[in-house]
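Raw model.csv, CSV, C-alpha atoms:
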chain,number,residue,atom,x,y,z
A,37,MET,CA,127.3,30.8,118.6
A,38,THR,CA,123.6,30.0,118.9
A,39,GLU,CA,120.8,32.3,118.0
A,40,ARG,CA,120.2,33.0,121.7
A,41,GLU,CA,123.9,33.9,122.2
A,42,TYR,CA,123.7,36.1,119.2
A,43,ASN,CA,120.7,38.0,120.6
A,44,GLU,CA,122.6,38.4,123.9
A,45,CYS,CA,125.6,39.8,122.1
A,46,VAL,CA,123.3,42.3,120.3
A,47,THR,CA,121.7,43.4,123.6
A,48,ASN,CA,125.0,43.7,125.4
A,49,CYS,CA,127.2,45.2,122.7
A,50,ALA,CA,125.0,47.3,120.4
A,51,ASP,CA,125.3,50.5,122.4
A,52,ASN,CA,129.1,50.2,122.8
A,53,VAL,CA,129.7,49.5,119.1
A,54,PHE,CA,127.4,52.3,118.0
A,55,ARG,CA,129.1,54.8,120.3
A,56,PHE,CA,132.5,53.8,119.0
A,57,ILE,CA,131.5,54.1,115.4
A,58,VAL,CA,129.6,57.3,115.7
A,59,LYS,CA,132.5,59.0,117.6
A,60,ASN,CA,134.7,58.0,114.7
A,61,LEU,CA,132.4,58.9,111.8
A,62,ARG,CA,130.6,61.8,113.5
A,63,HIS,CA,127.5,61.0,111.5
A,64,GLU,CA,124.7,59.0,113.1
A,65,GLU,CA,123.1,57.6,110.0
A,66,ASP,CA,126.4,56.4,108.6
A,67,ALA,CA,127.2,54.9,112.0
A,68,ARG,CA,123.9,53.0,112.1
A,69,ASP,CA,124.6,51.6,108.6
A,70,VAL,CA,128.0,50.4,109.6
A,71,VAL,CA,126.8,48.9,112.9
A,72,GLN,CA,123.9,47.2,111.1
A,73,SER,CA,126.2,45.7,108.5
A,74,ALA,CA,128.6,44.5,111.3
A,75,PHE,CA,125.7,42.7,113.1
A,76,GLU,CA,124.6,41.2,109.8
A,77,LYS,CA,128.1,39.9,109.1
A,78,LEU,CA,128.2,38.5,112.6
A,79,TRP,CA,124.9,36.7,112.0
A,80,ARG,CA,126.1,35.2,108.8
A,81,ASN,CA,129.3,33.9,110.5
A,82,ARG,CA,127.7,33.0,113.9
A,83,HIS,CA,128.5,29.3,113.5
A,84,GLU,CA,132.2,30.0,113.3
A,85,VAL,CA,132.3,32.5,116.1
A,86,ASP,CA,133.0,31.4,119.7
A,87,ASN,CA,130.5,33.1,122.1
A,88,ALA,CA,133.3,34.1,124.5
A,89,LYS,CA,135.0,36.1,121.7
A,90,SER,CA,131.8,37.6,120.1
A,91,LYS,CA,132.3,41.1,121.4
A,92,SER,CA,135.9,41.3,120.1
A,93,TYR,CA,134.8,39.8,116.8
A,94,LEU,CA,132.0,42.3,116.5
A,95,PHE,CA,134.2,45.3,117.2
A,96,THR,CA,136.7,43.9,114.7
A,97,ILE,CA,134.0,43.6,112.0
A,98,ALA,CA,132.6,47.1,112.8
A,99,TYR,CA,136.1,48.6,112.8
A,100,HIS,CA,136.8,47.2,109.3
A,101,GLN,CA,133.3,48.2,108.0
A,102,MET,CA,134.0,51.7,109.3
A,103,ILE,CA,137.4,51.9,107.5
A,104,ASP,CA,135.8,50.7,104.3
A,105,HIS,CA,133.0,53.4,104.7
A,106,ILE,CA,135.6,56.1,105.3
A,107,ARG,CA,137.6,55.1,102.2
A,108,LYS,CA,134.4,55.0,100.1
A,109,VAL,CA,133.4,58.5,101.3
A,110,LYS,CA,136.9,59.9,100.6
A,111,ARG,CA,136.5,58.8,97.0
A,112,ILE,CA,133.4,60.9,96.7
A,113,SER,CA,134.2,64.6,96.4
A,114,LEU,CA,131.6,67.2,96.9
A,115,LYS,CA,132.0,70.8,95.9
A,116,GLU,CA,130.3,73.4,97.9
A,117,ASN,CA,129.7,76.9,96.7
A,118,PHE,CA,130.6,79.6,99.2
A,119,ASN,CA,129.2,83.1,99.2
A,120,ASP,CA,132.1,85.6,99.3
A,121,GLU,CA,130.0,88.1,101.3
A,122,VAL,CA,129.6,85.8,104.3
A,123,LYS,CA,132.0,86.5,107.0
A,124,VAL,CA,133.4,83.8,109.2
A,125,TYR,CA,134.6,84.7,112.7
A,126,ASP,CA,137.1,82.4,114.4
A,127,LYS,CA,136.0,82.4,118.0
A,128,PRO,CA,137.5,80.0,120.5
A,129,ALA,CA,135.2,77.2,121.6
A,130,HIS,CA,134.1,77.3,125.2
A,131,ASN,CA,132.2,74.1,125.0
A,132,LEU,CA,134.1,71.1,126.3
A,133,LYS,CA,132.4,68.7,124.0
A,134,LYS,CA,133.2,70.8,120.9
A,135,VAL,CA,136.9,71.2,122.0
A,136,LEU,CA,137.2,67.4,122.5
A,137,GLU,CA,135.6,66.7,119.2
A,138,GLU,CA,137.8,69.2,117.4
A,139,ALA,CA,140.9,67.6,119.1
A,140,LEU,CA,139.8,64.1,118.0
A,141,SER,CA,139.2,65.3,114.5
A,142,ARG,CA,142.8,66.3,114.2
A,143,LEU,CA,143.9,62.7,114.6
A,144,ASN,CA,144.0,60.3,111.6
A,145,GLU,CA,141.6,57.4,111.4
A,146,THR,CA,143.8,54.9,113.1
A,147,GLN,CA,144.8,57.2,116.0
A,148,ARG,CA,141.2,58.3,116.6
A,149,SER,CA,140.1,54.6,116.7
A,150,LEU,CA,142.8,53.6,119.1
A,151,VAL,CA,142.1,56.5,121.5
A,152,LEU,CA,138.4,55.7,121.4
A,153,LEU,CA,138.9,51.9,121.9
A,154,LYS,CA,141.4,52.4,124.8
A,155,ASP,CA,140.1,55.5,126.6
A,156,TYR,CA,136.3,55.4,125.8
A,157,GLU,CA,135.7,51.6,125.6
A,158,GLY,CA,138.4,50.4,127.9
A,159,TYR,CA,140.0,47.7,125.8
A,160,SER,CA,143.4,46.4,126.6
A,161,TYR,CA,146.3,46.9,124.2
A,162,GLU,CA,146.1,43.2,123.2
A,163,GLU,CA,142.4,43.4,122.4
A,164,ILE,CA,142.8,46.6,120.4
A,165,GLY,CA,145.6,44.9,118.4
A,166,GLN,CA,143.2,42.1,117.6
A,167,ILE,CA,140.4,44.5,116.6
A,168,THR,CA,142.6,46.7,114.4
A,169,GLY,CA,145.1,44.1,113.1
A,170,LEU,CA,148.1,45.9,114.7
A,171,ASN,CA,150.5,44.3,117.0
A,172,GLU,CA,150.6,45.4,120.7
A,173,SER,CA,153.8,47.5,120.2
A,174,GLN,CA,152.2,49.4,117.3
A,175,VAL,CA,149.1,50.1,119.3
A,176,LYS,CA,151.2,51.6,122.1
A,177,VAL,CA,153.2,53.7,119.8
A,178,TYR,CA,150.3,55.0,117.7
A,179,LEU,CA,148.3,55.6,120.9
A,180,HIS,CA,151.2,57.5,122.5
A,181,ARG,CA,151.6,59.7,119.4
A,182,ALA,CA,147.8,60.4,119.3
A,183,ARG,CA,147.8,61.4,123.0
A,184,ILE,CA,150.7,63.9,122.3
A,185,ILE,CA,148.7,65.4,119.5
A,186,LEU,CA,145.6,65.7,121.7
A,187,LYS,CA,147.6,67.2,124.6
A,188,ASN,CA,149.3,69.8,122.3
A,189,TYR,CA,145.9,70.8,121.0
A,190,LEU,CA,144.1,70.9,124.4
A,191,VAL,CA,146.7,73.0,126.2
A,192,LYS,CA,146.6,75.9,123.7
A,193,PRO,CA,145.4,79.0,125.5
A,194,GLU,CA,142.5,79.5,123.0
A,195,ASN,CA,141.2,76.0,123.8
A,196,VAL,CA,141.5,76.1,127.5
A,197,LEU,CA,138.1,76.7,129.1
Translate this structure into structure tokens?
Amino acid sequence: MTEREYNECVTNCADNVFRFIVKNLRHEEDARDVVQSAFEKLWRNRHEVDNAKSKSYLFTIAYHQMIDHIRKVKRISLKENFNDEVKVYDKPAHNLKKVLEEALSRLNETQRSLVLLKDYEGYSYEEIGQITGLNESQVKVYLHRARIILKNYLVKPENVL
């Protein structure tokens, strides 16, 4: 991959990679850090990367960087102090975006990533397998299970708009 091809890859893929990572992490600053480190790693390895496979390679790097970030964050435990006098009311969400985000948050990291790669980014099962390191059958099974979880959550009367 030449410098020009790298710049084209950045121009063509940056938004898609960022959207994928931010939907998984749900935190823009963390997503920016992950995407930046993925592009940095692509730059360092550009001589070994075939330009035709640069998008898939970039998503693979970003996916693994995101998993590393999630694992690192899980090790850090923060304790919040709650005021006992504050009342919390459980009202159903009537905002489609909130309902979808809540449904996605019920999935584990792998399932959420697979749903986003397939349904939001439009990757094939084979490409998703290459990105995540799973075989095609595993991708199909995990994706099917994730969709069942999403369906069961989304059809609850309190979540229907």
Checklist line | Minimum-distance residue to A:Arg68, chosen among A:Cys49, A:Leu170, A:Ala98, A:Ala88 (using only C-alpha atoms) | finding: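 Using only C-alpha atoms, the shortest distance to A:Arg68 belongs to A:Ala98.
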Kindly indicate which residue among A:Val109, A:Ala139, A:Ser160, A:Gln166 lies nearest to A:Arg183, using all atoms listed in the file for the distances.
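Result for the nearest residue to A:Arg183: A:Ala139.
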request  = Please provide the set of residues having any atom within 12 Å of A:Leu153, restricted to all atoms listed in the file, with same-chain residues fewer than 3 positions apart removed, written as a VMD selection string.
outcome  = chain A and resid 52 to 53 55 to 57 59 to 60 92 95 to 96 99 146 to 150 156 to 168 175 179
Of the listed residues A:Asn188, A:Asn43, A:Ser90, A:Asn171, that which approaches A:Leu140 most closely, counting all atoms listed in the file
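Closest to A:Leu140 of all the choices is A:Asn188.
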Could you work out how far atom CA of A:Arg62 lies from atom CA of A:Glu138, giving the answer in Å with one decimal?
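Those two atoms sit 11.0 Å apart.
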- prompt: Hey, which of A:Ser141, A:Thr38, A:Ser73, A:Asn48 ends up closest to A:Asp104? Count all atoms listed in the file.
  reply: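 Nearest to A:Asp104: A:Ser73.
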As a check of understanding: the span from atom CA of A:His100 to atom CA of A:Ala74 is 8.9 Å
- prompt: Separation of atom CA of A:Pro193 and atom CA of A:Val177, in Å?
  reply: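 Result for atom CA of A:Pro193 versus atom CA of A:Val177: 27.1 Å, one decimal.
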Counting only C-alpha atoms, closest pick from A:Ala182, A:Val151, A:Met37, A:Leu143 relative to A:Trp79 is A:Met37
Which residue is closest to A:Lys154? Choose from A:Arg80, A:His105, A:Lys176, A:Arg142 and count only C-alpha atoms.
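For A:Lys154, the nearest of the candidates is A:Lys176.
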Inset, instruction - Counting only C-alpha atoms, find the residues whose atoms lie at most 12 Å from (127.9, 27.6, 114.9) (file coordinates) and write them out as a PyMOL selection string. - result: chain A and resi 37-42+78-87+90
